[in-house]
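Visitor: Contents of entry.pdb (PDB, C-alpha atoms):
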ATOM      1  CA  MET T   1     -58.816  72.234 -14.835
ATOM      2  CA  ALA T   2     -60.767  69.179 -13.806
ATOM      3  CA  ILE T   3     -64.523  69.506 -14.075
ATOM      4  CA  ARG T   4     -66.361  68.681 -10.858
ATOM      5  CA  THR T   5     -69.307  66.371 -11.228
ATOM      6  CA  ASP T   6     -70.369  66.156  -7.573
ATOM      7  CA  ALA T   7     -72.674  68.680  -5.970
ATOM      8  CA  PRO T   8     -71.055  71.493  -3.981
ATOM      9  CA  THR T   9     -71.045  71.050  -0.224
ATOM     10  CA  ARG T  10     -73.115  73.345   1.978
ATOM     11  CA  ARG T  11     -69.875  75.084   2.997
ATOM     12  CA  GLU T  12     -68.974  75.690  -0.672
ATOM     13  CA  GLN T  13     -72.488  77.010  -1.349
ATOM     14  CA  ILE T  14     -72.145  79.433   1.552
ATOM     15  CA  LEU T  15     -68.765  80.656   0.318
ATOM     16  CA  LYS T  16     -70.028  81.138  -3.234
ATOM     17  CA  GLU T  17     -73.011  83.187  -2.100
ATOM     18  CA  ALA T  18     -70.922  85.144   0.419
ATOM     19  CA  ALA T  19     -68.449  86.034  -2.344
ATOM     20  CA  ARG T  20     -71.263  87.163  -4.637
ATOM     21  CA  LEU T  21     -72.969  89.244  -1.977
ATOM     22  CA  PHE T  22     -69.736  90.765  -0.624
ATOM     23  CA  ALA T  23     -68.706  91.694  -4.177
ATOM     24  CA  GLU T  24     -72.093  93.262  -4.921
ATOM     25  CA  ARG T  25     -72.614  95.205  -1.697
ATOM     26  CA  GLY T  26     -69.342  95.205   0.196
ATOM     27  CA  PHE T  27     -68.336  93.180   3.234
ATOM     28  CA  HIS T  28     -70.062  95.483   5.714
ATOM     29  CA  GLY T  29     -73.161  95.802   3.528
ATOM     30  CA  VAL T  30     -74.095  92.141   3.956
ATOM     31  CA  GLY T  31     -75.363  90.391   7.072
ATOM     32  CA  VAL T  32     -75.222  86.731   7.988
ATOM     33  CA  ASP T  33     -79.015  86.520   7.629
ATOM     34  CA  GLU T  34     -78.741  87.497   3.948
ATOM     35  CA  ILE T  35     -75.997  84.953   3.288
ATOM     36  CA  GLY T  36     -78.023  82.285   5.059
ATOM     37  CA  ALA T  37     -81.156  83.161   3.096
ATOM     38  CA  ALA T  38     -79.197  82.864  -0.165
ATOM     39  CA  VAL T  39     -78.396  79.231   0.621
ATOM     40  CA  GLY T  40     -81.668  78.368   2.343
ATOM     41  CA  ILE T  41     -80.610  78.311   5.981
ATOM     42  CA  SER T  42     -80.981  80.732   8.869
ATOM     43  CA  GLY T  43     -78.268  83.313   9.476
ATOM     44  CA  PRO T  44     -77.386  81.746  12.828
ATOM     45  CA  GLY T  45     -77.169  78.388  11.009
ATOM     46  CA  LEU T  46     -74.048  79.717   9.266
ATOM     47  CA  TYR T  47     -72.200  79.500  12.570
ATOM     48  CA  ARG T  48     -72.234  75.706  12.255
ATOM     49  CA  HIS T  49     -69.939  76.182   9.249
ATOM     50  CA  PHE T  50     -68.018  79.398   9.976
ATOM     51  CA  ALA T  51     -67.083  81.431  13.055
ATOM     52  CA  GLY T  52     -68.458  84.527  11.303
ATOM     53  CA  LYS T  53     -68.190  86.763   8.259
ATOM     54  CA  ASP T  54     -64.480  87.397   8.912
ATOM     55  CA  ALA T  55     -63.801  83.669   8.696
ATOM     56  CA  MET T  56     -65.723  83.470   5.404
ATOM     57  CA  LEU T  57     -63.745  86.345   3.942
ATOM     58  CA  ALA T  58     -60.445  84.794   5.040
ATOM     59  CA  GLU T  59     -61.344  81.413   3.600
ATOM     60  CA  LEU T  60     -62.399  82.987   0.312
ATOM     61  CA  LEU T  61     -59.264  85.078  -0.186
ATOM     62  CA  VAL T  62     -56.682  82.686   1.246
ATOM     63  CA  GLY T  63     -58.484  79.820  -0.476
ATOM     64  CA  ILE T  64     -58.445  81.261  -3.986
ATOM     65  CA  SER T  65     -54.791  82.261  -3.677
ATOM     66  CA  GLY T  66     -53.957  78.709  -2.638
ATOM     67  CA  GLN T  67     -56.067  77.221  -5.425
ATOM     68  CA  LEU T  68     -54.356  79.340  -8.070
ATOM     69  CA  LEU T  69     -50.911  78.298  -6.830
ATOM     70  CA  THR T  70     -51.857  74.612  -6.554
ATOM     71  CA  GLY T  71     -53.388  74.680 -10.030
ATOM     72  CA  ALA T  72     -50.289  76.319 -11.505
ATOM     73  CA  LYS T  73     -48.003  73.733  -9.880
ATOM     74  CA  ARG T  74     -50.221  70.961 -11.228
ATOM     75  CA  ARG T  75     -50.108  72.426 -14.724
ATOM     76  CA  LEU T  76     -46.332  72.656 -14.533
ATOM     77  CA  ALA T  77     -46.069  69.027 -13.397
ATOM     78  CA  GLU T  78     -48.518  67.820 -16.057
ATOM     79  CA  ALA T  79     -46.497  69.421 -18.856
ATOM     80  CA  ASP T  80     -44.216  66.370 -18.652
ATOM     81  CA  GLY T  81     -41.552  67.726 -20.981
ATOM     82  CA  GLY T  82     -44.072  69.435 -23.257
ATOM     83  CA  GLY T  83     -41.970  72.587 -23.302
ATOM     84  CA  ALA T  84     -42.204  76.043 -21.823
ATOM     85  CA  GLU T  85     -44.580  77.346 -24.520
ATOM     86  CA  GLN T  86     -47.123  74.663 -23.649
ATOM     87  CA  VAL T  87     -46.733  75.342 -19.929
ATOM     88  CA  LEU T  88     -47.218  79.089 -20.399
ATOM     89  CA  ASP T  89     -50.332  78.534 -22.501
ATOM     90  CA  SER T  90     -51.670  76.202 -19.809
ATOM     91  CA  LEU T  91     -50.953  78.744 -17.052
ATOM     92  CA  ILE T  92     -52.707  81.452 -19.036
ATOM     93  CA  GLU T  93     -55.712  79.179 -19.629
ATOM     94  CA  GLY T  94     -55.928  78.395 -15.928
ATOM     95  CA  HIS T  95     -55.867  82.033 -14.944
ATOM     96  CA  ILE T  96     -58.427  82.892 -17.614
ATOM     97  CA  ASP T  97     -60.724  80.193 -16.209
ATOM     98  CA  PHE T  98     -60.406  81.864 -12.814
ATOM     99  CA  ALA T  99     -60.917  85.366 -14.248
ATOM    100  CA  LEU T 100     -64.063  84.385 -16.137
ATOM    101  CA  ASP T 101     -65.564  81.988 -13.594
ATOM    102  CA  ASP T 102     -64.729  83.720 -10.302
ATOM    103  CA  ARG T 103     -65.319  87.381 -11.058
ATOM    104  CA  PRO T 104     -66.804  88.082  -7.594
ATOM    105  CA  LEU T 105     -63.584  86.863  -5.959
ATOM    106  CA  ILE T 106     -61.540  89.325  -7.999
ATOM    107  CA  THR T 107     -63.795  92.171  -6.898
ATOM    108  CA  LEU T 108     -63.688  90.914  -3.334
ATOM    109  CA  HIS T 109     -59.899  90.785  -3.336
ATOM    110  CA  ASP T 110     -59.638  94.314  -4.721
ATOM    111  CA  ARG T 111     -62.039  95.783  -2.166
ATOM    112  CA  GLU T 112     -61.694  93.727   0.978
ATOM    113  CA  LEU T 113     -58.138  92.357   1.272
ATOM    114  CA  ASP T 114     -57.281  95.002   3.865
ATOM    115  CA  ARG T 115     -60.116  93.754   6.088
ATOM    116  CA  LEU T 116     -58.342  90.445   6.693
ATOM    117  CA  ARG T 117     -56.438  89.822   9.900
ATOM    118  CA  ASP T 118     -52.706  90.435   9.468
ATOM    119  CA  THR T 119     -51.898  86.715   9.501
ATOM    120  CA  ASP T 120     -54.461  85.949   6.786
ATOM    121  CA  ARG T 121     -53.397  88.916   4.654
ATOM    122  CA  LYS T 122     -49.751  87.828   4.932
ATOM    123  CA  MET T 123     -50.736  84.315   3.874
ATOM    124  CA  VAL T 124     -52.554  85.681   0.806
ATOM    125  CA  ARG T 125     -49.502  87.755  -0.137
ATOM    126  CA  GLN T 126     -47.137  84.812   0.396
ATOM    127  CA  LEU T 127     -49.222  82.539  -1.832
ATOM    128  CA  GLN T 128     -49.490  85.267  -4.468
ATOM    129  CA  ARG T 129     -45.718  85.798  -4.490
ATOM    130  CA  GLN T 130     -45.139  82.085  -5.037
ATOM    131  CA  TYR T 131     -47.680  82.122  -7.864
ATOM    132  CA  VAL T 132     -45.980  85.077  -9.524
ATOM    133  CA  GLU T 133     -42.518  83.517  -9.214
ATOM    134  CA  LEU T 134     -43.708  80.291 -10.802
ATOM    135  CA  TRP T 135     -44.988  82.307 -13.748
ATOM    136  CA  VAL T 136     -41.774  84.364 -13.925
ATOM    137  CA  GLY T 137     -39.712  81.201 -14.380
ATOM    138  CA  VAL T 138     -41.937  79.952 -17.194
ATOM    139  CA  VAL T 139     -42.140  83.348 -18.906
ATOM    140  CA  ARG T 140     -38.349  83.679 -18.879
ATOM    141  CA  ALA T 141     -38.009  80.225 -20.439
ATOM    142  CA  VAL T 142     -40.332  81.265 -23.285
ATOM    143  CA  TYR T 143     -38.979  84.818 -23.619
ATOM    144  CA  PRO T 144     -35.268  84.539 -22.737
ATOM    145  CA  GLY T 145     -34.676  88.184 -23.617
ATOM    146  CA  LEU T 146     -36.617  89.257 -20.548
ATOM    147  CA  GLU T 147     -34.575  90.004 -17.456
ATOM    148  CA  GLU T 148     -36.133  88.851 -14.191
ATOM    149  CA  PRO T 149     -37.495  92.271 -13.088
ATOM    150  CA  ALA T 150     -39.032  92.854 -16.526
ATOM    151  CA  ALA T 151     -40.555  89.372 -16.545
ATOM    152  CA  ARG T 152     -42.044  89.960 -13.084
ATOM    153  CA  SER T 153     -43.506  93.287 -14.235
ATOM    154  CA  ALA T 154     -44.925  91.614 -17.332
ATOM    155  CA  VAL T 155     -46.529  88.870 -15.214
ATOM    156  CA  HIS T 156     -48.148  91.459 -12.939
ATOM    157  CA  SER T 157     -49.362  93.375 -16.003
ATOM    158  CA  VAL T 158     -50.909  90.252 -17.505
ATOM    159  CA  PHE T 159     -52.618  89.486 -14.199
ATOM    160  CA  GLY T 160     -53.997  93.027 -14.258
ATOM    161  CA  LEU T 161     -55.303  92.447 -17.766
ATOM    162  CA  LEU T 162     -56.873  89.083 -16.967
ATOM    163  CA  ASN T 163     -58.246  90.219 -13.615
ATOM    164  CA  SER T 164     -60.006  93.160 -15.259
ATOM    165  CA  THR T 165     -62.938  90.921 -16.208
ATOM    166  CA  PRO T 166     -65.248  92.275 -13.458
ATOM    167  CA  HIS T 167     -64.866  95.716 -15.034
ATOM    168  CA  LEU T 168     -65.677  94.627 -18.586
ATOM    169  CA  GLY T 169     -69.429  94.633 -18.088
ATOM    170  CA  ARG T 170     -72.038  92.204 -16.922
ATOM    171  CA  ALA T 171     -71.404  88.564 -17.724
ATOM    172  CA  GLY T 172     -74.282  88.443 -20.236
ATOM    173  CA  SER T 173     -73.042  91.530 -22.086
ATOM    174  CA  LEU T 174     -69.639  90.034 -22.938
ATOM    175  CA  PRO T 175     -68.865  87.918 -25.996
ATOM    176  CA  GLY T 176     -69.304  84.162 -25.512
ATOM    177  CA  ARG T 177     -66.971  82.477 -23.047
ATOM    178  CA  GLY T 178     -64.888  80.800 -25.758
ATOM    179  CA  VAL T 179     -64.443  84.047 -27.696
ATOM    180  CA  MET T 180     -63.578  85.951 -24.514
ATOM    181  CA  ALA T 181     -61.077  83.291 -23.389
ATOM    182  CA  GLU T 182     -59.358  83.291 -26.778
ATOM    183  CA  LEU T 183     -59.159  87.087 -26.847
ATOM    184  CA  LEU T 184     -57.680  87.237 -23.341
ATOM    185  CA  HIS T 185     -55.189  84.504 -24.215
ATOM    186  CA  ARG T 186     -53.974  86.338 -27.317
ATOM    187  CA  MET T 187     -53.684  89.582 -25.371
ATOM    188  CA  ALA T 188     -51.674  87.893 -22.608
ATOM    189  CA  ARG T 189     -49.240  86.325 -25.043
ATOM    190  CA  GLY T 190     -48.994  89.626 -26.917
ATOM    191  CA  ALA T 191     -48.147  91.439 -23.700
ATOM    192  CA  PHE T 192     -45.308  89.029 -22.928
ATOM    193  CA  ALA T 193     -43.965  89.289 -26.477
ATOM    194  CA  ALA T 194     -44.129  93.091 -26.334
ATOM    195  CA  ALA T 195     -42.289  93.116 -23.016
ATOM    196  CA  GLU T 196     -39.438  91.185 -24.596
ATOM    197  CA  GLY T 197     -39.336  93.749 -27.379
TER     198      GLY T 197
END
So that I can check it, write out the structure of this file as structure tokens.

Guide:
Amino acid sequence: MAIRTDAPTRREQILKEAARLFAERGFHGVGVDEIGAAVGISGPGLYRHFAGKDAMLAELLVGISGQLLTGAKRRLAEADGGGAEQVLDSLIEGHIDFALDDRPLITLHDRELDRLRDTDRKMVRQLQRQYVELWVGVVRAVYPGLEEPAARSAVHSVFGLLNSTPHLGRAGSLPGRGVMAELLHRMARGAFAAAEG
């Protein structure tokens, strides 16, 4: 993934702090005043950026689903004939970056997805299905012995493994980022190989 060098916008700061606070205390356990205080503005000042907490939650969950899909499509396009193995490793690396860097969003998705309006929840699910299917195609190219349903199950299992990072302990209590990323990568590839038998 490209490294950003510019400062986050106020809107991005608000979303980051909202995700952290929602993950720590739950959607209903956080008020707009607390989110505002976390970014140095008044609670009512948030309404210049968002219609309310519901809009923040929707943007966080729809947004990350869209970012994962866009990133996966970019990785596929950038492979430029590098082969399915390279593409799969790149997809795994991208998802590991998300799992290690955006732990609050994983927690938020697990706990609060049902709080979204139906249209937003359907959009999240649609984006997630497209993301899964992209992976299924790549996994089947690398592991041709996997039938489509087994490949889809393996992809969901690997996502479960990678998305378990919020449950592994506090960020400071885990091995270094590089060690953790390498371990997760090996485990993901091992899971796909085991699924093929």

Visitor: Hey, what comes out of the PyMOL selection byres ((chain T and resi 55-65) around 9) on this file? Could you write it as an mmCIF file with C-alpha atoms, keeping the file's coordinate frame?

Guide:
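Once written, selection05.cif looks like this:
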data_model
loop_
_atom_site.group_PDB
_atom_site.id
_atom_site.type_symbol
_atom_site.label_atom_id
_atom_site.label_comp_id
_atom_site.auth_asym_id
_atom_site.auth_seq_id
_atom_site.Cartn_x
_atom_site.Cartn_y
_atom_site.Cartn_z
ATOM 1 C CA ILE T 14 -72.145 79.433 1.552
ATOM 2 C CA LEU T 15 -68.765 80.656 0.318
ATOM 3 C CA LYS T 16 -70.028 81.138 -3.234
ATOM 4 C CA ALA T 18 -70.922 85.144 0.419
ATOM 5 C CA ALA T 19 -68.449 86.034 -2.344
ATOM 6 C CA PHE T 22 -69.736 90.765 -0.624
ATOM 7 C CA PHE T 27 -68.336 93.180 3.234
ATOM 8 C CA PHE T 50 -68.018 79.398 9.976
ATOM 9 C CA ALA T 51 -67.083 81.431 13.055
ATOM 10 C CA GLY T 52 -68.458 84.527 11.303
ATOM 11 C CA LYS T 53 -68.190 86.763 8.259
ATOM 12 C CA ASP T 54 -64.480 87.397 8.912
ATOM 13 C CA GLY T 66 -53.957 78.709 -2.638
ATOM 14 C CA GLN T 67 -56.067 77.221 -5.425
ATOM 15 C CA LEU T 68 -54.356 79.340 -8.070
ATOM 16 C CA LEU T 69 -50.911 78.298 -6.830
ATOM 17 C CA THR T 70 -51.857 74.612 -6.554
ATOM 18 C CA LEU T 105 -63.584 86.863 -5.959
ATOM 19 C CA LEU T 108 -63.688 90.914 -3.334
ATOM 20 C CA HIS T 109 -59.899 90.785 -3.336
ATOM 21 C CA GLU T 112 -61.694 93.727 0.978
ATOM 22 C CA LEU T 113 -58.138 92.357 1.272
ATOM 23 C CA ARG T 115 -60.116 93.754 6.088
ATOM 24 C CA LEU T 116 -58.342 90.445 6.693
ATOM 25 C CA ARG T 117 -56.438 89.822 9.900
ATOM 26 C CA ASP T 120 -54.461 85.949 6.786
ATOM 27 C CA ARG T 121 -53.397 88.916 4.654
ATOM 28 C CA MET T 123 -50.736 84.315 3.874
ATOM 29 C CA VAL T 124 -52.554 85.681 0.806
ATOM 30 C CA ARG T 125 -49.502 87.755 -0.137
ATOM 31 C CA LEU T 127 -49.222 82.539 -1.832
ATOM 32 C CA GLN T 128 -49.490 85.267 -4.468
ATOM 33 C CA TYR T 131 -47.680 82.122 -7.864
#

Visitor: Would you mind reading off the distance between CA of Phe159 (chain T) and CA of Gly197 (chain T), one decimal, in Å?

Guide: 19.2 Å

Visitor: Care to translate the PyMOL selection byres ((chain T and resi 146-150) around 12) into actual residues of this file, as a list in words?

Guide: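 So the PyMOL selection byres ((chain T and resi 146-150) around 12) ends up selecting Val132, Glu133, Leu134, Trp135, Val136, Gly137, Val138, Val139, Arg140, Ala141, Val142, Tyr143, Pro144, Gly145, Ala151, Arg152, Ser153, Ala154, Val155, His156, Ser157, Ala191, Phe192, Ala193, Ala194, Ala195, Glu196 and Gly197 of chain T.
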
Visitor: Just give me the gap between CA of Gln13 (chain T) and CA of Val39 (chain T) in Å, one decimal is fine.

Guide: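 Interatomic distance here is 6.6 Å.
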
Visitor: CA of Ala37 (chain T) and CA of Glu24 (chain T), how far apart in Å?

Guide: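 About the pair CA of Glu24 (chain T) and CA of Ala37 (chain T): they are 15.8 Å apart.
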
Visitor: Using all atoms listed in the file, determine which residues lie at most 8 Å from Ala181 (chain T), disregarding the query and same-chain residues fewer than 2 positions distant; provide the list as a ChimeraX atom specification.

Guide: /T:93,96-97,100,177-179,183-185

Visitor: Compare T:Gly94, T:Gly83, T:Gly160, T:Gly29 by their minimum atom-to-atom distance to Gly71 (chain T), counting only C-alpha atoms, and give me the closest one.

Guide: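 Closest residue, counting only C-alpha atoms: T:Gly94.
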
Visitor: So, with only C-alpha atoms as the atoms that count, which of T:Leu76, T:Glu17, T:Arg10, T:Arg186 lies closest to Gly45 (chain T)?

Guide: T:Arg10

Visitor: For Ala23 (chain T), which of T:Gly82, T:Pro44, T:Pro104, T:Gly176 is the closest residue, counting all atoms listed in the file?

Guide: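 Using all atoms listed in the file, the shortest distance to Ala23 (chain T) belongs to T:Pro104.
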
Visitor: Put a box with edges along x, y and z around all the listed atoms of region 96-114 of chain T, pad it by 5 Å on each side, then give me its centre and sizes in Å, one decimal, as JSON.

Guide:
{"center_x": -62.0, "center_y": 88.0, "center_z": -6.9, "size_x": 19.5, "size_y": 25.6, "size_z": 31.5}

Visitor: Go ahead and find all residues with at least one atom no further than 8 Å from (-65.4, 93.0, -13.6) in the file's coordinates, using all atoms listed in the file; report them as a VMD selection string.

Guide: chain T and resid 103 to 104 106 to 107 163 to 170
